[in-house]
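Next comes my_file-v4.cif, a file with mmCIF, N, CA, C and O atoms.
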```cif
data_target
#
loop_
_atom_site.label_atom_id
_atom_site.label_comp_id
_atom_site.auth_asym_id
_atom_site.auth_seq_id
_atom_site.Cartn_x
_atom_site.Cartn_y
_atom_site.Cartn_z
N MET A 1 9.70 151.61 39.56
CA MET A 1 9.66 150.77 38.38
C MET A 1 11.07 150.30 38.01
O MET A 1 11.29 149.13 37.74
N ALA A 2 12.01 151.22 37.99
CA ALA A 2 13.37 150.87 37.59
C ALA A 2 13.99 149.87 38.56
O ALA A 2 14.66 148.93 38.14
N GLU A 3 13.76 150.07 39.87
CA GLU A 3 14.33 149.16 40.86
C GLU A 3 13.79 147.74 40.70
O GLU A 3 14.54 146.77 40.78
N SER A 4 12.49 147.61 40.47
CA SER A 4 11.93 146.27 40.33
C SER A 4 12.42 145.60 39.05
O SER A 4 12.70 144.40 39.04
N SER A 5 12.56 146.35 37.97
CA SER A 5 13.04 145.74 36.74
C SER A 5 14.50 145.32 36.85
O SER A 5 14.89 144.27 36.36
N ILE A 6 15.29 146.12 37.53
CA ILE A 6 16.69 145.75 37.75
C ILE A 6 16.78 144.49 38.60
O ILE A 6 17.55 143.58 38.30
N LYS A 7 15.95 144.41 39.64
CA LYS A 7 15.94 143.22 40.48
C LYS A 7 15.57 141.98 39.68
O LYS A 7 16.20 140.93 39.82
N GLU A 8 14.57 142.09 38.81
CA GLU A 8 14.15 140.94 38.01
C GLU A 8 15.26 140.47 37.09
O GLU A 8 15.53 139.28 36.97
N PHE A 9 15.94 141.41 36.44
CA PHE A 9 17.03 141.03 35.56
C PHE A 9 18.20 140.45 36.34
O PHE A 9 18.84 139.50 35.88
N LEU A 10 18.50 140.99 37.50
CA LEU A 10 19.57 140.43 38.31
C LEU A 10 19.24 139.01 38.76
O LEU A 10 20.12 138.14 38.78
N ASP A 11 17.99 138.77 39.10
CA ASP A 11 17.57 137.41 39.46
C ASP A 11 17.81 136.44 38.32
O ASP A 11 18.33 135.34 38.52
N ILE A 12 17.44 136.86 37.12
CA ILE A 12 17.64 135.99 35.95
C ILE A 12 19.13 135.78 35.68
O ILE A 12 19.57 134.67 35.37
N ILE A 13 19.92 136.84 35.81
CA ILE A 13 21.36 136.72 35.59
C ILE A 13 21.98 135.77 36.61
O ILE A 13 22.82 134.94 36.27
N LEU A 14 21.57 135.89 37.87
CA LEU A 14 22.09 135.00 38.89
C LEU A 14 21.74 133.54 38.60
O LEU A 14 22.58 132.65 38.72
N LEU A 15 20.51 133.31 38.23
CA LEU A 15 20.10 131.94 37.91
C LEU A 15 20.85 131.42 36.70
O LEU A 15 21.30 130.27 36.67
N THR A 16 21.04 132.27 35.70
CA THR A 16 21.77 131.87 34.50
C THR A 16 23.22 131.53 34.85
O THR A 16 23.76 130.53 34.37
N SER A 17 23.84 132.34 35.68
CA SER A 17 25.23 132.06 36.07
C SER A 17 25.33 130.79 36.90
O SER A 17 26.33 130.08 36.84
N TYR A 18 24.28 130.48 37.65
CA TYR A 18 24.23 129.24 38.43
C TYR A 18 24.13 128.02 37.50
O TYR A 18 24.77 127.01 37.71
N LEU A 19 23.33 128.16 36.45
CA LEU A 19 23.10 127.04 35.53
C LEU A 19 24.14 126.93 34.42
O LEU A 19 24.31 125.87 33.83
N GLU A 20 24.86 127.99 34.12
CA GLU A 20 25.78 128.04 32.99
C GLU A 20 26.83 126.92 32.99
O GLU A 20 27.08 126.31 31.96
N PRO A 21 27.45 126.61 34.13
CA PRO A 21 28.45 125.53 34.10
C PRO A 21 27.89 124.19 33.64
O PRO A 21 28.62 123.32 33.18
N LEU A 22 26.59 124.03 33.75
CA LEU A 22 25.98 122.76 33.36
C LEU A 22 25.79 122.64 31.86
O LEU A 22 25.49 121.55 31.37
N SER A 23 25.98 123.72 31.12
CA SER A 23 25.78 123.66 29.67
C SER A 23 26.76 122.67 29.04
O SER A 23 26.41 121.97 28.10
N THR A 24 27.97 122.60 29.55
CA THR A 24 28.92 121.62 29.03
C THR A 24 28.90 120.33 29.84
O THR A 24 29.12 119.26 29.30
N ALA A 25 28.59 120.45 31.12
CA ALA A 25 28.61 119.25 31.98
C ALA A 25 27.59 118.22 31.53
O ALA A 25 27.87 117.02 31.56
N SER A 26 26.44 118.66 31.10
CA SER A 26 25.42 117.70 30.70
C SER A 26 25.77 117.02 29.38
O SER A 26 25.37 115.89 29.14
N ARG A 27 26.53 117.70 28.54
CA ARG A 27 26.94 117.09 27.26
C ARG A 27 28.13 116.16 27.43
O ARG A 27 28.27 115.20 26.69
N TYR A 28 29.00 116.47 28.37
CA TYR A 28 30.23 115.68 28.55
C TYR A 28 30.29 115.14 29.98
O TYR A 28 31.26 115.34 30.69
N SER A 29 29.26 114.46 30.39
CA SER A 29 29.13 114.05 31.79
C SER A 29 30.21 113.07 32.24
O SER A 29 30.46 112.93 33.42
N VAL A 30 30.89 112.41 31.33
CA VAL A 30 31.94 111.47 31.71
C VAL A 30 33.13 112.21 32.29
O VAL A 30 33.76 111.74 33.24
N SER A 31 33.43 113.38 31.76
CA SER A 31 34.65 114.08 32.15
C SER A 31 34.43 115.26 33.10
O SER A 31 35.33 116.06 33.28
N ILE A 32 33.28 115.36 33.75
CA ILE A 32 33.06 116.50 34.64
C ILE A 32 33.69 116.27 36.00
O ILE A 32 33.83 115.12 36.45
N ASP A 33 34.05 117.35 36.66
CA ASP A 33 34.64 117.23 37.98
C ASP A 33 33.55 117.11 39.05
O ASP A 33 32.36 117.21 38.76
N ASN A 34 33.98 116.89 40.27
CA ASN A 34 33.02 116.67 41.37
C ASN A 34 32.13 117.88 41.63
O ASN A 34 30.95 117.72 41.93
N ALA A 35 32.69 119.08 41.51
CA ALA A 35 31.89 120.29 41.76
C ALA A 35 30.74 120.40 40.76
O ALA A 35 29.60 120.68 41.15
N LYS A 36 31.03 120.16 39.49
CA LYS A 36 29.97 120.22 38.48
C LYS A 36 28.99 119.06 38.65
O LYS A 36 27.80 119.22 38.43
N ARG A 37 29.49 117.92 39.05
CA ARG A 37 28.61 116.78 39.29
C ARG A 37 27.63 117.08 40.43
O ARG A 37 26.44 116.80 40.34
N GLU A 38 28.14 117.70 41.50
CA GLU A 38 27.28 118.09 42.63
C GLU A 38 26.26 119.15 42.20
O GLU A 38 25.10 119.09 42.60
N LEU A 39 26.71 120.11 41.39
CA LEU A 39 25.80 121.14 40.89
C LEU A 39 24.71 120.52 40.03
O LEU A 39 23.53 120.85 40.16
N LEU A 40 25.09 119.57 39.19
CA LEU A 40 24.12 118.89 38.35
C LEU A 40 23.09 118.13 39.19
O LEU A 40 21.89 118.20 38.93
N GLU A 41 23.55 117.47 40.23
CA GLU A 41 22.63 116.77 41.13
C GLU A 41 21.71 117.74 41.85
O GLU A 41 20.52 117.48 42.01
N ASP A 42 22.26 118.88 42.27
CA ASP A 42 21.46 119.90 42.94
C ASP A 42 20.36 120.43 42.02
O ASP A 42 19.21 120.59 42.43
N VAL A 43 20.72 120.67 40.77
CA VAL A 43 19.74 121.18 39.80
C VAL A 43 18.67 120.12 39.54
O VAL A 43 17.48 120.44 39.48
N LYS A 44 19.08 118.87 39.43
CA LYS A 44 18.09 117.80 39.23
C LYS A 44 17.11 117.73 40.39
O LYS A 44 15.91 117.58 40.19
N GLU A 45 17.63 117.85 41.62
CA GLU A 45 16.78 117.78 42.81
C GLU A 45 15.82 118.98 42.90
O GLU A 45 14.72 118.86 43.40
N ASN A 46 16.27 120.14 42.42
CA ASN A 46 15.48 121.37 42.55
C ASN A 46 14.86 121.82 41.23
O ASN A 46 14.46 122.98 41.10
N GLN A 47 14.76 120.93 40.31
CA GLN A 47 14.26 121.26 38.97
C GLN A 47 12.87 121.91 39.01
O GLN A 47 12.63 122.91 38.34
N ASP A 48 11.96 121.38 39.80
CA ASP A 48 10.61 121.95 39.88
C ASP A 48 10.64 123.37 40.46
O ASP A 48 9.94 124.25 39.97
N ASN A 49 11.45 123.57 41.49
CA ASN A 49 11.57 124.91 42.08
C ASN A 49 12.16 125.91 41.09
O ASN A 49 11.71 127.06 41.00
N ILE A 50 13.16 125.48 40.34
CA ILE A 50 13.80 126.36 39.36
C ILE A 50 12.79 126.74 38.28
O ILE A 50 12.69 127.90 37.88
N MET A 51 12.04 125.76 37.80
CA MET A 51 11.06 126.04 36.75
C MET A 51 9.96 126.97 37.26
O MET A 51 9.54 127.88 36.54
N SER A 52 9.50 126.77 38.48
CA SER A 52 8.48 127.66 39.05
C SER A 52 9.02 129.08 39.16
O SER A 52 8.32 130.05 38.85
N PHE A 53 10.25 129.20 39.62
CA PHE A 53 10.91 130.50 39.74
C PHE A 53 10.98 131.18 38.37
O PHE A 53 10.63 132.36 38.22
N LEU A 54 11.39 130.42 37.35
CA LEU A 54 11.52 130.99 36.02
C LEU A 54 10.18 131.40 35.42
O LEU A 54 10.09 132.43 34.76
N GLU A 55 9.16 130.62 35.65
CA GLU A 55 7.84 130.96 35.13
C GLU A 55 7.37 132.32 35.65
O GLU A 55 6.85 133.14 34.89
N VAL A 56 7.56 132.54 36.94
CA VAL A 56 7.17 133.83 37.53
C VAL A 56 8.01 134.95 36.95
O VAL A 56 7.48 136.01 36.57
N LYS A 57 9.31 134.74 36.87
CA LYS A 57 10.21 135.79 36.35
C LYS A 57 9.90 136.10 34.89
O LYS A 57 9.90 137.28 34.48
N ILE A 58 9.63 135.10 34.10
CA ILE A 58 9.31 135.32 32.69
C ILE A 58 8.04 136.15 32.54
O ILE A 58 7.98 137.07 31.73
N GLN A 59 7.05 135.85 33.35
CA GLN A 59 5.80 136.63 33.29
C GLN A 59 6.04 138.08 33.70
O GLN A 59 5.53 139.01 33.06
N ILE A 60 6.83 138.29 34.72
CA ILE A 60 7.15 139.65 35.16
C ILE A 60 7.89 140.40 34.06
O ILE A 60 7.58 141.55 33.75
N ILE A 61 8.85 139.75 33.44
CA ILE A 61 9.63 140.39 32.38
C ILE A 61 8.74 140.69 31.17
O ILE A 61 8.86 141.75 30.56
N LYS A 62 7.84 139.77 30.84
CA LYS A 62 6.90 140.05 29.74
C LYS A 62 6.08 141.30 30.03
O LYS A 62 5.87 142.13 29.15
N ASN A 63 5.63 141.44 31.26
CA ASN A 63 4.86 142.63 31.64
C ASN A 63 5.72 143.89 31.59
O ASN A 63 5.25 144.96 31.20
N LEU A 64 6.98 143.77 32.01
CA LEU A 64 7.87 144.93 31.98
C LEU A 64 8.14 145.37 30.54
O LEU A 64 8.21 146.56 30.25
N ILE A 65 8.29 144.41 29.65
CA ILE A 65 8.59 144.74 28.26
C ILE A 65 7.44 145.51 27.62
O ILE A 65 7.65 146.35 26.75
N LYS A 66 6.24 145.27 28.08
CA LYS A 66 5.08 145.99 27.56
C LYS A 66 5.05 147.45 28.03
O LYS A 66 4.33 148.27 27.49
N ASN A 67 5.85 147.76 29.04
CA ASN A 67 5.88 149.10 29.63
C ASN A 67 6.86 149.98 28.85
O ASN A 67 8.05 149.68 28.75
N ASP A 68 6.38 151.11 28.33
CA ASP A 68 7.21 152.01 27.52
C ASP A 68 8.37 152.61 28.31
O ASP A 68 9.48 152.73 27.82
N GLU A 69 8.11 152.99 29.56
CA GLU A 69 9.16 153.59 30.40
C GLU A 69 10.31 152.59 30.60
O GLU A 69 11.48 152.94 30.51
N PHE A 70 9.96 151.36 30.83
CA PHE A 70 10.96 150.32 31.02
C PHE A 70 11.82 150.16 29.76
O PHE A 70 13.04 150.08 29.82
N MET A 71 11.15 150.11 28.62
CA MET A 71 11.88 149.93 27.37
C MET A 71 12.79 151.12 27.07
O MET A 71 13.88 150.95 26.53
N GLU A 72 12.36 152.32 27.42
CA GLU A 72 13.21 153.50 27.25
C GLU A 72 14.46 153.38 28.12
O GLU A 72 15.57 153.70 27.67
N ASN A 73 14.28 152.92 29.35
CA ASN A 73 15.42 152.75 30.25
C ASN A 73 16.38 151.67 29.72
O ASN A 73 17.60 151.84 29.79
N ILE A 74 15.84 150.60 29.20
CA ILE A 74 16.68 149.54 28.64
C ILE A 74 17.46 150.08 27.43
O ILE A 74 18.64 149.78 27.27
N SER A 75 16.82 150.89 26.63
CA SER A 75 17.49 151.49 25.47
C SER A 75 18.64 152.38 25.91
O SER A 75 19.72 152.36 25.31
N LYS A 76 18.43 153.15 26.97
CA LYS A 76 19.49 154.01 27.50
C LYS A 76 20.66 153.17 28.02
O LYS A 76 21.82 153.48 27.76
N ILE A 77 20.34 152.12 28.74
CA ILE A 77 21.38 151.23 29.27
C ILE A 77 22.15 150.58 28.12
O ILE A 77 23.39 150.49 28.15
N TYR A 78 21.43 150.15 27.10
CA TYR A 78 22.08 149.55 25.93
C TYR A 78 23.06 150.53 25.30
O TYR A 78 24.19 150.16 24.95
N GLU A 79 22.65 151.77 25.14
CA GLU A 79 23.52 152.78 24.53
C GLU A 79 24.77 153.02 25.37
O GLU A 79 25.86 153.16 24.84
N ILE A 80 24.60 153.05 26.68
CA ILE A 80 25.75 153.24 27.58
C ILE A 80 26.74 152.09 27.42
O ILE A 80 27.94 152.30 27.27
N PHE A 81 26.24 150.86 27.44
CA PHE A 81 27.12 149.70 27.30
C PHE A 81 27.76 149.65 25.91
O PHE A 81 28.92 149.26 25.77
N ARG A 82 27.02 150.06 24.90
CA ARG A 82 27.57 150.07 23.54
C ARG A 82 28.73 151.04 23.45
O ARG A 82 29.77 150.74 22.88
N LYS A 83 28.56 152.22 24.06
CA LYS A 83 29.63 153.22 24.07
C LYS A 83 30.85 152.71 24.85
O LYS A 83 31.99 152.90 24.44
N LEU A 84 30.60 152.08 25.98
CA LEU A 84 31.70 151.54 26.78
C LEU A 84 32.45 150.44 26.03
O LEU A 84 33.67 150.34 26.10
N TYR A 85 31.71 149.62 25.33
CA TYR A 85 32.31 148.51 24.59
C TYR A 85 33.16 149.02 23.45
O TYR A 85 34.19 148.43 23.12
N GLN A 86 32.78 150.13 22.85
CA GLN A 86 33.53 150.68 21.73
C GLN A 86 34.84 151.32 22.16
O GLN A 86 35.73 151.52 21.35
N LEU A 87 34.97 151.64 23.44
CA LEU A 87 36.20 152.27 23.93
C LEU A 87 37.29 151.29 23.94
O LEU A 87 38.04 150.75 23.66
#
```
As structure tokens, the full file:
Amino acid sequence: MAESSIKEFLDIILLTSYLEPLSTASRYSVSIDNAKRELLEDVKENQDNIMSFLEVKIQIIKNLIKNDEFMENISKIYEIFRKLYQL
């Protein structure tokens, strides 16, 4: 259970990090560099695939959240990160 939930969250984090540069590029498209422009074009071309991927991941995460064991593990991870952040 823990391995599958970690994989799902890593998938979402990877996709988020892939899309994150576009958060400003789409608002300021006049001043973006070629790398961001290419990334924006790539996302436009693969928009349906990205949405399909996200729909599946969201459903999996919704099911995981309903699981008490999963939520206990997330709470433990949260506490660990909170302690690390306070240092």
Point-to-point distance from atom CA of Phe53 of chain A to atom O of Met71 of chain A, Å rounded to tenths: 24.5 Å
Please enumerate the residues selected by the PyMOL selection byres (((chain A and resi 64 and name CA) around 12) and name CA) when evaluated against the supplied file, formatted as a ChimeraX atom specification. /A:1-9,57-63,65-74
Please indicate the distance in Å from atom C of Lys36 of chain A to atom O of Pro21 of chain A, rounded to one decimal place. 6.9 Å
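The smallest atom-to-atom distance between Leu54 of chain A and any of A:Glu20, A:Asp33, A:Asp42, A:Leu14, using only C-alpha atoms, is found for A:Leu14.
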Enumerate, as a short mmCIF file (atom, residue, chain, number, x, y, z; two decimals) with N, CA, C and O atoms, in the frame of the given file, the complete set of residues in chain A that a backbone-based DSSP assignment places in alpha helix (DSSP H).
```
data_model
loop_
_atom_site.label_atom_id
_atom_site.label_comp_id
_atom_site.auth_asym_id
_atom_site.auth_seq_id
_atom_site.Cartn_x
_atom_site.Cartn_y
_atom_site.Cartn_z
N ALA A 2 12.01 151.22 37.99
CA ALA A 2 13.37 150.87 37.59
C ALA A 2 13.99 149.87 38.56
O ALA A 2 14.66 148.93 38.14
N GLU A 3 13.76 150.07 39.87
CA GLU A 3 14.33 149.16 40.86
C GLU A 3 13.79 147.74 40.70
O GLU A 3 14.54 146.77 40.78
N SER A 4 12.49 147.61 40.47
CA SER A 4 11.93 146.27 40.33
C SER A 4 12.42 145.60 39.05
O SER A 4 12.70 144.40 39.04
N SER A 5 12.56 146.35 37.97
CA SER A 5 13.04 145.74 36.74
C SER A 5 14.50 145.32 36.85
O SER A 5 14.89 144.27 36.36
N ILE A 6 15.29 146.12 37.53
CA ILE A 6 16.69 145.75 37.75
C ILE A 6 16.78 144.49 38.60
O ILE A 6 17.55 143.58 38.30
N LYS A 7 15.95 144.41 39.64
CA LYS A 7 15.94 143.22 40.48
C LYS A 7 15.57 141.98 39.68
O LYS A 7 16.20 140.93 39.82
N GLU A 8 14.57 142.09 38.81
CA GLU A 8 14.15 140.94 38.01
C GLU A 8 15.26 140.47 37.09
O GLU A 8 15.53 139.28 36.97
N PHE A 9 15.94 141.41 36.44
CA PHE A 9 17.03 141.03 35.56
C PHE A 9 18.20 140.45 36.34
O PHE A 9 18.84 139.50 35.88
N LEU A 10 18.50 140.99 37.50
CA LEU A 10 19.57 140.43 38.31
C LEU A 10 19.24 139.01 38.76
O LEU A 10 20.12 138.14 38.78
N ASP A 11 17.99 138.77 39.10
CA ASP A 11 17.57 137.41 39.46
C ASP A 11 17.81 136.44 38.32
O ASP A 11 18.33 135.34 38.52
N ILE A 12 17.44 136.86 37.12
CA ILE A 12 17.64 135.99 35.95
C ILE A 12 19.13 135.78 35.68
O ILE A 12 19.57 134.67 35.37
N ILE A 13 19.92 136.84 35.81
CA ILE A 13 21.36 136.72 35.59
C ILE A 13 21.98 135.77 36.61
O ILE A 13 22.82 134.94 36.27
N LEU A 14 21.57 135.89 37.87
CA LEU A 14 22.09 135.00 38.89
C LEU A 14 21.74 133.54 38.60
O LEU A 14 22.58 132.65 38.72
N LEU A 15 20.51 133.31 38.23
CA LEU A 15 20.10 131.94 37.91
C LEU A 15 20.85 131.42 36.70
O LEU A 15 21.30 130.27 36.67
N THR A 16 21.04 132.27 35.70
CA THR A 16 21.77 131.87 34.50
C THR A 16 23.22 131.53 34.85
O THR A 16 23.76 130.53 34.37
N SER A 17 23.84 132.34 35.68
CA SER A 17 25.23 132.06 36.07
C SER A 17 25.33 130.79 36.90
O SER A 17 26.33 130.08 36.84
N TYR A 18 24.28 130.48 37.65
CA TYR A 18 24.23 129.24 38.43
C TYR A 18 24.13 128.02 37.50
O TYR A 18 24.77 127.01 37.71
N LEU A 19 23.33 128.16 36.45
CA LEU A 19 23.10 127.04 35.53
C LEU A 19 24.14 126.93 34.42
O LEU A 19 24.31 125.87 33.83
N LEU A 22 26.59 124.03 33.75
CA LEU A 22 25.98 122.76 33.36
C LEU A 22 25.79 122.64 31.86
O LEU A 22 25.49 121.55 31.37
N SER A 23 25.98 123.72 31.12
CA SER A 23 25.78 123.66 29.67
C SER A 23 26.76 122.67 29.04
O SER A 23 26.41 121.97 28.10
N THR A 24 27.97 122.60 29.55
CA THR A 24 28.92 121.62 29.03
C THR A 24 28.90 120.33 29.84
O THR A 24 29.12 119.26 29.30
N ALA A 25 28.59 120.45 31.12
CA ALA A 25 28.61 119.25 31.98
C ALA A 25 27.59 118.22 31.53
O ALA A 25 27.87 117.02 31.56
N ASN A 34 33.98 116.89 40.27
CA ASN A 34 33.02 116.67 41.37
C ASN A 34 32.13 117.88 41.63
O ASN A 34 30.95 117.72 41.93
N ALA A 35 32.69 119.08 41.51
CA ALA A 35 31.89 120.29 41.76
C ALA A 35 30.74 120.40 40.76
O ALA A 35 29.60 120.68 41.15
N LYS A 36 31.03 120.16 39.49
CA LYS A 36 29.97 120.22 38.48
C LYS A 36 28.99 119.06 38.65
O LYS A 36 27.80 119.22 38.43
N ARG A 37 29.49 117.92 39.05
CA ARG A 37 28.61 116.78 39.29
C ARG A 37 27.63 117.08 40.43
O ARG A 37 26.44 116.80 40.34
N GLU A 38 28.14 117.70 41.50
CA GLU A 38 27.28 118.09 42.63
C GLU A 38 26.26 119.15 42.20
O GLU A 38 25.10 119.09 42.60
N LEU A 39 26.71 120.11 41.39
CA LEU A 39 25.80 121.14 40.89
C LEU A 39 24.71 120.52 40.03
O LEU A 39 23.53 120.85 40.16
N LEU A 40 25.09 119.57 39.19
CA LEU A 40 24.12 118.89 38.35
C LEU A 40 23.09 118.13 39.19
O LEU A 40 21.89 118.20 38.93
N GLU A 41 23.55 117.47 40.23
CA GLU A 41 22.63 116.77 41.13
C GLU A 41 21.71 117.74 41.85
O GLU A 41 20.52 117.48 42.01
N ASP A 42 22.26 118.88 42.27
CA ASP A 42 21.46 119.90 42.94
C ASP A 42 20.36 120.43 42.02
O ASP A 42 19.21 120.59 42.43
N VAL A 43 20.72 120.67 40.77
CA VAL A 43 19.74 121.18 39.80
C VAL A 43 18.67 120.12 39.54
O VAL A 43 17.48 120.44 39.48
N LYS A 44 19.08 118.87 39.43
CA LYS A 44 18.09 117.80 39.23
C LYS A 44 17.11 117.73 40.39
O LYS A 44 15.91 117.58 40.19
N GLU A 45 17.63 117.85 41.62
CA GLU A 45 16.78 117.78 42.81
C GLU A 45 15.82 118.98 42.90
O GLU A 45 14.72 118.86 43.40
N GLN A 47 14.76 120.93 40.31
CA GLN A 47 14.26 121.26 38.97
C GLN A 47 12.87 121.91 39.01
O GLN A 47 12.63 122.91 38.34
N ASP A 48 11.96 121.38 39.80
CA ASP A 48 10.61 121.95 39.88
C ASP A 48 10.64 123.37 40.46
O ASP A 48 9.94 124.25 39.97
N ASN A 49 11.45 123.57 41.49
CA ASN A 49 11.57 124.91 42.08
C ASN A 49 12.16 125.91 41.09
O ASN A 49 11.71 127.06 41.00
N ILE A 50 13.16 125.48 40.34
CA ILE A 50 13.80 126.36 39.36
C ILE A 50 12.79 126.74 38.28
O ILE A 50 12.69 127.90 37.88
N MET A 51 12.04 125.76 37.80
CA MET A 51 11.06 126.04 36.75
C MET A 51 9.96 126.97 37.26
O MET A 51 9.54 127.88 36.54
N SER A 52 9.50 126.77 38.48
CA SER A 52 8.48 127.66 39.05
C SER A 52 9.02 129.08 39.16
O SER A 52 8.32 130.05 38.85
N PHE A 53 10.25 129.20 39.62
CA PHE A 53 10.91 130.50 39.74
C PHE A 53 10.98 131.18 38.37
O PHE A 53 10.63 132.36 38.22
N LEU A 54 11.39 130.42 37.35
CA LEU A 54 11.52 130.99 36.02
C LEU A 54 10.18 131.40 35.42
O LEU A 54 10.09 132.43 34.76
N GLU A 55 9.16 130.62 35.65
CA GLU A 55 7.84 130.96 35.13
C GLU A 55 7.37 132.32 35.65
O GLU A 55 6.85 133.14 34.89
N VAL A 56 7.56 132.54 36.94
CA VAL A 56 7.17 133.83 37.53
C VAL A 56 8.01 134.95 36.95
O VAL A 56 7.48 136.01 36.57
N LYS A 57 9.31 134.74 36.87
CA LYS A 57 10.21 135.79 36.35
C LYS A 57 9.90 136.10 34.89
O LYS A 57 9.90 137.28 34.48
N ILE A 58 9.63 135.10 34.10
CA ILE A 58 9.31 135.32 32.69
C ILE A 58 8.04 136.15 32.54
O ILE A 58 7.98 137.07 31.73
N GLN A 59 7.05 135.85 33.35
CA GLN A 59 5.80 136.63 33.29
C GLN A 59 6.04 138.08 33.70
O GLN A 59 5.53 139.01 33.06
N ILE A 60 6.83 138.29 34.72
CA ILE A 60 7.15 139.65 35.16
C ILE A 60 7.89 140.40 34.06
O ILE A 60 7.58 141.55 33.75
N ILE A 61 8.85 139.75 33.44
CA ILE A 61 9.63 140.39 32.38
C ILE A 61 8.74 140.69 31.17
O ILE A 61 8.86 141.75 30.56
N LYS A 62 7.84 139.77 30.84
CA LYS A 62 6.90 140.05 29.74
C LYS A 62 6.08 141.30 30.03
O LYS A 62 5.87 142.13 29.15
N ASN A 63 5.63 141.44 31.26
CA ASN A 63 4.86 142.63 31.64
C ASN A 63 5.72 143.89 31.59
O ASN A 63 5.25 144.96 31.20
N LEU A 64 6.98 143.77 32.01
CA LEU A 64 7.87 144.93 31.98
C LEU A 64 8.14 145.37 30.54
O LEU A 64 8.21 146.56 30.25
N ILE A 65 8.29 144.41 29.65
CA ILE A 65 8.59 144.74 28.26
C ILE A 65 7.44 145.51 27.62
O ILE A 65 7.65 146.35 26.75
N ASP A 68 6.38 151.11 28.33
CA ASP A 68 7.21 152.01 27.52
C ASP A 68 8.37 152.61 28.31
O ASP A 68 9.48 152.73 27.82
N GLU A 69 8.11 152.99 29.56
CA GLU A 69 9.16 153.59 30.40
C GLU A 69 10.31 152.59 30.60
O GLU A 69 11.48 152.94 30.51
N PHE A 70 9.96 151.36 30.83
CA PHE A 70 10.96 150.32 31.02
C PHE A 70 11.82 150.16 29.76
O PHE A 70 13.04 150.08 29.82
N MET A 71 11.15 150.11 28.62
CA MET A 71 11.88 149.93 27.37
C MET A 71 12.79 151.12 27.07
O MET A 71 13.88 150.95 26.53
N GLU A 72 12.36 152.32 27.42
CA GLU A 72 13.21 153.50 27.25
C GLU A 72 14.46 153.38 28.12
O GLU A 72 15.57 153.70 27.67
N ASN A 73 14.28 152.92 29.35
CA ASN A 73 15.42 152.75 30.25
C ASN A 73 16.38 151.67 29.72
O ASN A 73 17.60 151.84 29.79
N ILE A 74 15.84 150.60 29.20
CA ILE A 74 16.68 149.54 28.64
C ILE A 74 17.46 150.08 27.43
O ILE A 74 18.64 149.78 27.27
N SER A 75 16.82 150.89 26.63
CA SER A 75 17.49 151.49 25.47
C SER A 75 18.64 152.38 25.91
O SER A 75 19.72 152.36 25.31
N LYS A 76 18.43 153.15 26.97
CA LYS A 76 19.49 154.01 27.50
C LYS A 76 20.66 153.17 28.02
O LYS A 76 21.82 153.48 27.76
N ILE A 77 20.34 152.12 28.74
CA ILE A 77 21.38 151.23 29.27
C ILE A 77 22.15 150.58 28.12
O ILE A 77 23.39 150.49 28.15
N TYR A 78 21.43 150.15 27.10
CA TYR A 78 22.08 149.55 25.93
C TYR A 78 23.06 150.53 25.30
O TYR A 78 24.19 150.16 24.95
N GLU A 79 22.65 151.77 25.14
CA GLU A 79 23.52 152.78 24.53
C GLU A 79 24.77 153.02 25.37
O GLU A 79 25.86 153.16 24.84
N ILE A 80 24.60 153.05 26.68
CA ILE A 80 25.75 153.24 27.58
C ILE A 80 26.74 152.09 27.42
O ILE A 80 27.94 152.30 27.27
N PHE A 81 26.24 150.86 27.44
CA PHE A 81 27.12 149.70 27.30
C PHE A 81 27.76 149.65 25.91
O PHE A 81 28.92 149.26 25.77
N ARG A 82 27.02 150.06 24.90
CA ARG A 82 27.57 150.07 23.54
C ARG A 82 28.73 151.04 23.45
O ARG A 82 29.77 150.74 22.88
N LYS A 83 28.56 152.22 24.06
CA LYS A 83 29.63 153.22 24.07
C LYS A 83 30.85 152.71 24.85
O LYS A 83 31.99 152.90 24.44
N LEU A 84 30.60 152.08 25.98
CA LEU A 84 31.70 151.54 26.78
C LEU A 84 32.45 150.44 26.03
O LEU A 84 33.67 150.34 26.10
N TYR A 85 31.71 149.62 25.33
CA TYR A 85 32.31 148.51 24.59
C TYR A 85 33.16 149.02 23.45
O TYR A 85 34.19 148.43 23.12
N GLN A 86 32.78 150.13 22.85
CA GLN A 86 33.53 150.68 21.73
C GLN A 86 34.84 151.32 22.16
O GLN A 86 35.73 151.52 21.35
#
```
In Å, with one decimal, what is the gap from atom CA of Glu55 of chain A to atom C of Glu79 of chain A? 29.5 Å
